[in-house]
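Source file: start04.csv; contents: CSV, N, CA and C atoms.
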chain,number,residue,atom,x,y,z
A,1,MET,N,72.0,171.5,45.5
A,1,MET,CA,72.5,172.8,45.3
A,1,MET,C,73.4,173.2,46.5
A,2,ALA,N,74.6,173.6,46.2
A,2,ALA,CA,75.6,174.0,47.2
A,2,ALA,C,75.4,175.4,47.6
A,3,THR,N,75.6,175.7,48.9
A,3,THR,CA,75.5,177.0,49.4
A,3,THR,C,76.9,177.5,49.7
A,4,LEU,N,77.1,178.8,49.4
A,4,LEU,CA,78.4,179.4,49.7
A,4,LEU,C,78.4,179.9,51.1
A,5,SER,N,79.5,179.8,51.8
A,5,SER,CA,79.7,180.3,53.1
A,5,SER,C,80.9,181.2,53.1
A,6,LEU,N,81.1,181.9,54.2
A,6,LEU,CA,82.3,182.7,54.4
A,6,LEU,C,83.6,181.9,54.6
A,7,LEU,N,83.4,180.6,54.8
A,7,LEU,CA,84.5,179.7,54.9
A,7,LEU,C,85.3,179.6,53.6
A,8,TYR,N,84.6,179.8,52.5
A,8,TYR,CA,85.3,179.7,51.2
A,8,TYR,C,86.0,181.0,50.9
A,9,PHE,N,85.6,182.1,51.6
A,9,PHE,CA,86.2,183.4,51.4
A,9,PHE,C,86.8,183.9,52.7
A,10,PRO,N,87.9,183.4,53.2
A,10,PRO,CA,88.4,183.9,54.4
A,10,PRO,C,88.8,185.4,54.5
A,11,SER,N,89.2,185.9,53.3
A,11,SER,CA,89.5,187.3,53.3
A,11,SER,C,88.3,188.2,53.5
A,12,VAL,N,87.1,187.7,53.0
A,12,VAL,CA,85.9,188.5,53.2
A,12,VAL,C,85.5,188.4,54.7
A,13,ALA,N,85.6,187.2,55.3
A,13,ALA,CA,85.3,187.1,56.7
A,13,ALA,C,86.2,188.0,57.6
A,14,CYS,N,87.5,188.0,57.3
A,14,CYS,CA,88.4,188.9,58.0
A,14,CYS,C,88.0,190.3,57.8
A,15,TRP,N,87.6,190.7,56.6
A,15,TRP,CA,87.2,192.1,56.3
A,15,TRP,C,86.0,192.5,57.2
A,16,ILE,N,85.0,191.5,57.2
A,16,ILE,CA,83.8,191.8,58.0
A,16,ILE,C,84.1,192.0,59.5
A,17,ASP,N,85.0,191.1,60.0
A,17,ASP,CA,85.4,191.2,61.4
A,17,ASP,C,86.1,192.5,61.6
A,18,SER,N,87.0,193.0,60.7
A,18,SER,CA,87.7,194.2,60.9
A,18,SER,C,86.7,195.4,60.9
A,19,VAL,N,85.8,195.4,60.0
A,19,VAL,CA,84.8,196.5,60.0
A,19,VAL,C,83.9,196.5,61.2
A,20,PHE,N,83.5,195.3,61.7
A,20,PHE,CA,82.7,195.2,62.9
A,20,PHE,C,83.5,195.8,64.1
A,21,TYR,N,84.7,195.4,64.3
A,21,TYR,CA,85.5,195.9,65.4
A,21,TYR,C,85.7,197.4,65.3
A,22,ILE,N,86.0,197.9,64.2
A,22,ILE,CA,86.1,199.4,64.0
A,22,ILE,C,84.9,200.1,64.3
A,23,ILE,N,83.7,199.6,63.9
A,23,ILE,CA,82.4,200.2,64.2
A,23,ILE,C,82.2,200.2,65.7
A,24,ILE,N,82.5,199.1,66.4
A,24,ILE,CA,82.3,199.0,67.8
A,24,ILE,C,83.2,200.1,68.5
A,25,MET,N,84.4,200.2,68.1
A,25,MET,CA,85.3,201.2,68.7
A,25,MET,C,84.8,202.6,68.4
A,26,LEU,N,84.3,202.8,67.2
A,26,LEU,CA,83.7,204.1,66.9
A,26,LEU,C,82.5,204.5,67.8
A,27,LEU,N,81.6,203.5,68.0
A,27,LEU,CA,80.5,203.8,68.9
A,27,LEU,C,81.0,204.1,70.3
A,28,SER,N,82.0,203.5,70.8
A,28,SER,CA,82.6,203.7,72.1
A,28,SER,C,83.1,205.2,72.2
A,29,SER,N,83.8,205.6,71.1
A,29,SER,CA,84.4,206.9,71.1
A,29,SER,C,83.3,208.0,71.0
A,30,VAL,N,82.3,207.7,70.2
A,30,VAL,CA,81.2,208.7,70.1
A,30,VAL,C,80.5,208.9,71.4
A,31,SER,N,80.3,207.8,72.1
A,31,SER,CA,79.6,208.0,73.4
A,31,SER,C,80.5,208.7,74.4
A,32,ALA,N,81.8,208.5,74.3
A,32,ALA,CA,82.7,209.3,75.2
A,32,ALA,C,82.7,210.8,74.8
A,33,LEU,N,82.6,211.1,73.5
A,33,LEU,CA,82.5,212.5,73.1
A,33,LEU,C,81.2,213.1,73.6
A,34,GLN,N,80.1,212.4,73.6
A,34,GLN,CA,78.9,212.9,74.1
A,34,GLN,C,79.0,213.2,75.6
A,35,ALA,N,79.6,212.2,76.3
A,35,ALA,CA,79.7,212.4,77.8
A,35,ALA,C,80.6,213.5,78.1
A,36,SER,N,81.7,213.7,77.4
A,36,SER,CA,82.6,214.9,77.6
A,36,SER,C,81.9,216.2,77.4
A,37,SER,N,81.1,216.2,76.3
A,37,SER,CA,80.4,217.4,76.0
A,37,SER,C,79.4,217.8,77.1
A,38,LEU,N,78.7,216.8,77.6
A,38,LEU,CA,77.7,217.0,78.6
A,38,LEU,C,78.4,217.4,79.9
A,39,ARG,N,79.5,216.8,80.2
A,39,ARG,CA,80.3,217.2,81.4
A,39,ARG,C,80.7,218.7,81.4
A,40,MET,N,81.1,219.1,80.2
A,40,MET,CA,81.5,220.5,80.0
A,40,MET,C,80.3,221.4,80.1
A,41,ASP,N,79.2,221.0,79.6
A,41,ASP,CA,77.9,221.8,79.7
A,41,ASP,C,77.5,222.0,81.2
A,42,ILE,N,77.6,220.9,81.9
A,42,ILE,CA,77.3,221.0,83.4
A,42,ILE,C,78.2,221.9,84.1
A,43,SER,N,79.5,221.8,83.8
A,43,SER,CA,80.5,222.7,84.5
A,43,SER,C,80.3,224.1,84.1
A,44,ALA,N,80.0,224.4,82.9
A,44,ALA,CA,79.7,225.8,82.4
A,44,ALA,C,78.5,226.3,83.1
A,45,HIS,N,77.5,225.5,83.3
A,45,HIS,CA,76.2,225.9,84.0
A,45,HIS,C,76.6,226.3,85.5
A,46,ASN,N,77.5,225.5,86.1
A,46,ASN,CA,77.9,225.8,87.5
A,46,ASN,C,78.6,227.1,87.5
A,47,VAL,N,79.5,227.3,86.6
A,47,VAL,CA,80.3,228.6,86.6
A,47,VAL,C,79.4,229.8,86.3
A,48,ALA,N,78.4,229.6,85.4
A,48,ALA,CA,77.5,230.7,85.1
A,48,ALA,C,76.7,231.1,86.4
A,49,ASN,N,76.5,230.2,87.3
A,49,ASN,CA,75.7,230.5,88.5
A,49,ASN,C,76.6,230.6,89.8
A,50,VAL,N,77.8,231.0,89.6
A,50,VAL,CA,78.7,231.1,90.8
A,50,VAL,C,78.3,232.2,91.7
A,51,ASN,N,77.7,233.2,91.2
A,51,ASN,CA,77.2,234.3,92.1
A,51,ASN,C,75.7,234.2,92.5
A,52,THR,N,75.1,233.1,92.2
A,52,THR,CA,73.7,232.9,92.5
A,52,THR,C,73.6,232.4,93.9
A,53,PRO,N,73.0,233.2,94.8
A,53,PRO,CA,72.9,232.7,96.2
A,53,PRO,C,72.1,231.4,96.3
A,54,GLY,N,72.6,230.5,97.1
A,54,GLY,CA,71.9,229.2,97.3
A,54,GLY,C,72.0,228.2,96.1
A,55,PHE,N,72.8,228.5,95.1
A,55,PHE,CA,72.9,227.7,93.9
A,55,PHE,C,73.4,226.3,94.3
A,56,ALA,N,72.8,225.2,93.9
A,56,ALA,CA,73.3,223.9,94.1
A,56,ALA,C,74.0,223.4,92.9
A,57,LYS,N,75.3,223.2,93.0
A,57,LYS,CA,76.1,222.8,91.8
A,57,LYS,C,75.7,221.4,91.4
A,58,SER,N,76.0,221.1,90.2
A,58,SER,CA,75.7,219.8,89.6
A,58,SER,C,77.0,219.0,89.3
A,59,ARG,N,77.0,217.7,89.4
A,59,ARG,CA,78.1,216.9,89.1
A,59,ARG,C,77.6,215.7,88.3
A,60,PRO,N,78.2,215.4,87.1
A,60,PRO,CA,77.7,214.2,86.3
A,60,PRO,C,78.3,212.9,86.9
A,61,VAL,N,77.5,211.9,86.8
A,61,VAL,CA,77.9,210.5,87.2
A,61,VAL,C,78.1,209.7,86.0
A,62,GLN,N,79.3,209.4,85.7
A,62,GLN,CA,79.6,208.7,84.4
A,62,GLN,C,79.8,207.2,84.7
A,63,THR,N,79.1,206.4,83.9
A,63,THR,CA,79.2,205.0,84.0
A,63,THR,C,79.6,204.3,82.7
A,64,SER,N,80.1,203.1,82.8
A,64,SER,CA,80.4,202.3,81.6
A,64,SER,C,79.2,201.6,81.1
A,65,GLN,N,79.2,201.5,79.8
A,65,GLN,CA,78.2,200.7,79.1
A,65,GLN,C,78.9,199.9,78.0
A,66,ASN,N,78.3,199.0,77.4
A,66,ASN,CA,78.9,198.2,76.3
A,66,ASN,C,78.3,198.5,75.0
A,67,PRO,N,79.0,199.2,74.1
A,67,PRO,CA,80.3,199.8,74.2
A,67,PRO,C,80.2,201.2,74.7
A,68,GLY,N,81.2,201.7,75.3
A,68,GLY,CA,81.3,203.1,75.6
A,68,GLY,C,81.0,203.5,77.0
A,69,THR,N,80.6,204.7,77.1
A,69,THR,CA,80.3,205.3,78.4
A,69,THR,C,79.1,206.3,78.3
A,70,GLU,N,78.5,206.6,79.4
A,70,GLU,CA,77.4,207.5,79.4
A,70,GLU,C,77.3,208.3,80.8
A,71,ILE,N,76.6,209.4,80.7
A,71,ILE,CA,76.3,210.1,82.0
A,71,ILE,C,75.0,209.5,82.4
A,72,SER,N,75.0,208.8,83.5
A,72,SER,CA,73.8,208.1,84.0
A,72,SER,C,73.0,208.9,84.9
A,73,ALA,N,73.6,209.9,85.6
A,73,ALA,CA,72.8,210.7,86.5
A,73,ALA,C,73.6,212.1,86.7
A,74,ILE,N,72.8,213.0,87.3
A,74,ILE,CA,73.4,214.3,87.6
A,74,ILE,C,73.1,214.5,89.1
A,75,GLN,N,74.2,214.6,89.9
A,75,GLN,CA,74.0,214.8,91.3
A,75,GLN,C,74.1,216.3,91.6
A,76,LYS,N,73.3,216.7,92.6
A,76,LYS,CA,73.2,218.1,93.0
A,76,LYS,C,73.9,218.2,94.4
A,77,THR,N,74.8,219.2,94.6
A,77,THR,CA,75.4,219.5,95.9
A,77,THR,C,74.9,220.8,96.4
A,78,GLU,N,74.2,220.8,97.5
A,78,GLU,CA,73.6,222.0,98.0
A,78,GLU,C,74.6,223.0,98.5
A,79,ALA,N,74.3,224.2,98.5
A,79,ALA,CA,75.1,225.3,98.9
A,79,ALA,C,75.3,225.2,100.4
A,80,PRO,N,76.5,225.6,101.0
A,80,PRO,CA,76.8,225.5,102.4
A,80,PRO,C,75.8,226.4,103.2
A,81,THR,N,75.5,227.6,102.7
A,81,THR,CA,74.5,228.5,103.3
A,81,THR,C,73.6,229.0,102.2
A,82,PRO,N,72.4,229.5,102.6
A,82,PRO,CA,71.5,230.0,101.6
A,82,PRO,C,72.0,231.2,100.8
A,83,ASP,N,72.9,232.0,101.4
A,83,ASP,CA,73.4,233.2,100.7
A,83,ASP,C,74.7,233.0,99.9
A,84,LEU,N,75.2,231.7,99.8
A,84,LEU,CA,76.4,231.4,99.1
A,84,LEU,C,76.1,230.4,98.0
A,85,SER,N,76.9,230.3,97.0
A,85,SER,CA,76.8,229.3,95.9
A,85,SER,C,77.7,228.1,96.3
A,86,ALA,N,77.3,226.9,95.9
A,86,ALA,CA,78.1,225.7,96.1
A,86,ALA,C,79.3,225.6,95.1
A,87,THR,N,79.4,226.4,94.1
A,87,THR,CA,80.3,226.3,93.0
A,87,THR,C,81.7,226.8,93.5
A,88,ASP,N,82.7,226.0,93.2
A,88,ASP,CA,84.1,226.3,93.5
A,88,ASP,C,84.8,226.5,92.1
A,89,LEU,N,85.2,227.7,91.8
A,89,LEU,CA,85.7,228.0,90.4
A,89,LEU,C,87.0,227.2,90.1
A,90,ALA,N,87.8,226.9,91.1
A,90,ALA,CA,89.0,226.1,90.9
A,90,ALA,C,88.7,224.7,90.5
A,91,GLU,N,87.7,224.2,91.2
A,91,GLU,CA,87.2,222.8,90.9
A,91,GLU,C,86.6,222.7,89.5
A,92,GLU,N,85.9,223.7,89.1
A,92,GLU,CA,85.2,223.8,87.8
A,92,GLU,C,86.3,223.9,86.7
A,93,ALA,N,87.3,224.7,87.0
A,93,ALA,CA,88.4,224.9,86.0
A,93,ALA,C,89.1,223.5,85.7
A,94,VAL,N,89.3,222.8,86.8
A,94,VAL,CA,89.9,221.4,86.6
A,94,VAL,C,89.0,220.5,85.8
A,95,GLN,N,87.7,220.6,86.1
A,95,GLN,CA,86.7,219.7,85.4
A,95,GLN,C,86.6,220.1,83.9
A,96,GLN,N,86.7,221.4,83.6
A,96,GLN,CA,86.7,221.8,82.2
A,96,GLN,C,87.9,221.4,81.5
A,97,ILE,N,89.1,221.4,82.1
A,97,ILE,CA,90.3,221.0,81.5
A,97,ILE,C,90.3,219.5,81.2
A,98,ILE,N,89.8,218.7,82.2
A,98,ILE,CA,89.6,217.3,82.0
A,98,ILE,C,88.7,217.0,80.9
A,99,SER,N,87.6,217.7,80.8
A,99,SER,CA,86.6,217.4,79.7
A,99,SER,C,87.2,217.8,78.4
A,100,GLU,N,87.9,218.9,78.3
A,100,GLU,CA,88.5,219.3,77.1
A,100,GLU,C,89.5,218.3,76.6
A,101,LYS,N,90.4,217.8,77.4
A,101,LYS,CA,91.4,216.8,77.1
A,101,LYS,C,90.8,215.5,76.7
A,102,ASP,N,89.8,215.1,77.4
A,102,ASP,CA,89.0,213.8,77.1
A,102,ASP,C,88.4,213.9,75.8
A,103,PHE,N,87.8,215.1,75.5
A,103,PHE,CA,87.1,215.3,74.2
A,103,PHE,C,88.1,215.2,73.0
A,104,ALA,N,89.3,215.9,73.2
A,104,ALA,CA,90.3,215.9,72.2
A,104,ALA,C,90.9,214.5,71.9
A,105,ALA,N,91.1,213.8,73.0
A,105,ALA,CA,91.6,212.4,72.8
A,105,ALA,C,90.6,211.5,72.1
A,106,ASN,N,89.4,211.6,72.4
A,106,ASN,CA,88.4,210.8,71.7
A,106,ASN,C,88.1,211.2,70.3
A,107,ALA,N,88.3,212.5,70.0
A,107,ALA,CA,88.2,213.0,68.7
A,107,ALA,C,89.3,212.5,67.8
A,108,ALA,N,90.5,212.4,68.4
A,108,ALA,CA,91.7,211.8,67.7
A,108,ALA,C,91.4,210.3,67.4
A,109,VAL,N,90.8,209.6,68.3
A,109,VAL,CA,90.5,208.2,68.1
A,109,VAL,C,89.5,208.1,67.0
A,110,VAL,N,88.5,208.9,66.9
A,110,VAL,CA,87.5,208.9,65.8
A,110,VAL,C,88.2,209.1,64.5
A,111,LYS,N,89.1,210.1,64.4
A,111,LYS,CA,89.9,210.4,63.2
A,111,LYS,C,90.7,209.1,62.7
A,112,THR,N,91.3,208.5,63.7
A,112,THR,CA,92.1,207.3,63.4
A,112,THR,C,91.3,206.2,62.9
A,113,GLN,N,90.1,206.0,63.5
A,113,GLN,CA,89.2,204.9,63.1
A,113,GLN,C,88.6,205.2,61.7
A,114,ASP,N,88.4,206.5,61.4
A,114,ASP,CA,88.0,206.8,60.1
A,114,ASP,C,89.0,206.4,59.0
A,115,LYS,N,90.3,206.7,59.3
A,115,LYS,CA,91.4,206.3,58.4
A,115,LYS,C,91.5,204.8,58.3
A,116,MET,N,91.3,204.1,59.4
A,116,MET,CA,91.4,202.7,59.4
A,116,MET,C,90.3,202.1,58.6
A,117,LEU,N,89.1,202.6,58.8
A,117,LEU,CA,88.0,202.1,58.0
A,117,LEU,C,88.2,202.3,56.5
A,118,GLY,N,88.7,203.5,56.2
A,118,GLY,CA,89.0,203.8,54.8
A,118,GLY,C,90.0,202.8,54.2
A,119,GLU,N,91.0,202.5,55.0
A,119,GLU,CA,92.0,201.5,54.5
A,119,GLU,C,91.4,200.1,54.3
A,120,VAL,N,90.6,199.7,55.2
A,120,VAL,CA,90.0,198.4,55.1
A,120,VAL,C,89.1,198.3,53.9
A,121,VAL,N,88.3,199.4,53.6
A,121,VAL,CA,87.5,199.4,52.4
A,121,VAL,C,88.3,199.4,51.2
A,122,ASN,N,89.4,200.1,51.2
A,122,ASN,CA,90.3,200.2,50.0
A,122,ASN,C,91.0,198.8,49.7
A,123,LEU,N,91.2,198.0,50.8
A,123,LEU,CA,91.7,196.7,50.6
A,123,LEU,C,90.8,195.8,49.8
A,124,VAL,N,89.5,196.0,50.1
A,124,VAL,CA,88.5,195.1,49.4
A,124,VAL,C,88.2,195.6,48.0
A,125,VAL,N,88.2,196.9,47.8
A,125,VAL,CA,87.9,197.4,46.5
A,125,VAL,C,89.0,197.3,45.5

Starting from the file, lay out its structure as structure tokens.
Amino acid sequence: MATLSLLYFPSVACWIDSVFYIIIMLLSSVSALQASSLRMDISAHNVANVNTPGFAKSRPVQTSQNPGTEISAIQKTEAPTPDLSATDLAEEAVQQIISEKDFAANAAVVKTQDKMLGEVVNLVV
């Protein structure tokens, strides 16, 4: 009895590879969206405590993983004196703009991947 393999159906093998790579890219983008969101949350927490004496601001440590990225740790920076906050509003504004742009770029990638996956599925159907 002969067994069928994907070698007899190269278009199916190509379709499976395409779907696989699109899913890997999607996972990478989703992890970047989560990291951007957490970065924004941390910055918002710092801004909310700008007038809290002795507040130690937080900074996310972002690392690469396969696939994607993650926030692997959150570092604390102590206040220079007990009666001041360690938060710099200008620095936080920059961090929030970076997080916003990063989130928007990765959201656009997810939209494109969704369209690509739809086209690949339509090719097979």

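Residues in contact with segment 18-21 of chain A at 8 Å, where all atoms listed in the file are counted and same-chain residues fewer than 6 positions away are skipped, are listed as Val12, Leu27, Met116, Leu117, Val120 and Val121 of chain A.
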
Between segment 15-49 of chain A and segment 102-110 of chain A, at 6.5 Å or less, what are the per-residue closest atom pairs and their distances in Å? Count all atoms listed in the file, order by chain and rising residue number, and return it as a tab-separated table.
residue	atom	partner	partner_atom	distance
A:Leu26	CA	A:Val110	CA	6.2
A:Ser29	CA	A:Asn106	CA	5.6
A:Ala32	C	A:Phe103	CA	6.3
A:Leu33	CA	A:Phe103	CA	5.5
A:Ser36	CA	A:Phe103	N	5.6
A:Ser37	N	A:Phe103	CA	6.4

Would you mind writing down, as a PyMOL selection string, each residue of segment 18-125 of chain A that DSSP on the backbone assigns to alpha helix (DSSP H)? chain A and resi 18-48+89-124

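For the pair atom CA of His45 of chain A and atom C of Lys101 of chain A, the separation is 19.4 Å.
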
Given the choices A:Ile71, A:Ser43, A:Ile97, A:Ala35, which gets closest to Ser58 of chain A if the distance is worked out from all atoms listed in the file? A:Ser43

Could you name the residues that touch Asn46 of chain A at 8 Å or less, counting all atoms listed in the file, but leaving out those on the same chain fewer than 6 positions away, as an mmCIF file with N, CA and C atoms, keeping the file's coordinate frame?
data_model
loop_
_atom_site.group_PDB
_atom_site.id
_atom_site.type_symbol
_atom_site.label_atom_id
_atom_site.label_comp_id
_atom_site.auth_asym_id
_atom_site.auth_seq_id
_atom_site.Cartn_x
_atom_site.Cartn_y
_atom_site.Cartn_z
ATOM 1 N N MET A 40 81.100 219.100 80.200
ATOM 2 C CA MET A 40 81.500 220.500 80.000
ATOM 3 C C MET A 40 80.300 221.400 80.100
ATOM 4 N N ALA A 56 72.800 225.200 93.900
ATOM 5 C CA ALA A 56 73.300 223.900 94.100
ATOM 6 C C ALA A 56 74.000 223.400 92.900
ATOM 7 N N LYS A 57 75.300 223.200 93.000
ATOM 8 C CA LYS A 57 76.100 222.800 91.800
ATOM 9 C C LYS A 57 75.700 221.400 91.400
ATOM 10 N N SER A 58 76.000 221.100 90.200
ATOM 11 C CA SER A 58 75.700 219.800 89.600
ATOM 12 C C SER A 58 77.000 219.000 89.300
ATOM 13 N N ALA A 86 77.300 226.900 95.900
ATOM 14 C CA ALA A 86 78.100 225.700 96.100
ATOM 15 C C ALA A 86 79.300 225.600 95.100
ATOM 16 N N THR A 87 79.400 226.400 94.100
ATOM 17 C CA THR A 87 80.300 226.300 93.000
ATOM 18 C C THR A 87 81.700 226.800 93.500
ATOM 19 N N ASP A 88 82.700 226.000 93.200
ATOM 20 C CA ASP A 88 84.100 226.300 93.500
ATOM 21 C C ASP A 88 84.800 226.500 92.100
ATOM 22 N N LEU A 89 85.200 227.700 91.800
ATOM 23 C CA LEU A 89 85.700 228.000 90.400
ATOM 24 C C LEU A 89 87.000 227.200 90.100
ATOM 25 N N GLU A 92 85.900 223.700 89.100
ATOM 26 C CA GLU A 92 85.200 223.800 87.800
ATOM 27 C C GLU A 92 86.300 223.900 86.700
#

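Shortest atom-to-atom contact with Glu70 of chain A among A:Ile23, A:Ser31, A:Thr112, A:Leu123: A:Ser31, counting all atoms listed in the file.
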
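Candidate residues A:Gln96, A:Asn122, A:Gln113, A:Thr81 were compared for distance to Gly54 of chain A, and the nearest is A:Thr81, using only C-alpha atoms.
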
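Considering the residues A:Ser28, A:Glu91, A:Glu119, A:Thr52 and counting only C-alpha atoms, Gln65 of chain A has its shortest atom-to-atom contact with A:Ser28.
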
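As for atom CA of Val30 of chain A and atom CA of Thr63 of chain A, they are spaced 14.5 Å apart.
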
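Of note, atom CA of Pro80 of chain A and atom CA of Phe55 of chain A are spaced 9.6 Å apart.
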
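For chain A, backbone-based DSSP assignment of strand (DSSP E) covers Lys57, Ser58, Arg59, Pro60, Val61, Gln62, Thr63, Ser64, Thr69, Glu70, Ile71, Ser72, Ala73, Ile74, Gln75, Lys76 and Thr77 of chain A.
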
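Minimum distance to Ala73 of chain A across A:Pro53, A:Lys111, A:Gly118, A:Ile42 (counting only C-alpha atoms) occurs at A:Ile42.
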
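Proximity ranking of A:Gln62, A:Pro67, A:Ile22, A:Glu100 relative to Asp114 of chain A places A:Ile22 first, based on only C-alpha atoms.
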
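Residues in contact with Ile74 of chain A at 7 Å, where only N, CA and C atoms are counted and same-chain residues fewer than 2 positions away are skipped, are listed as A:Ser58, A:Arg59, A:Pro60, A:Val61, A:Ile71, A:Ser72, A:Lys76.
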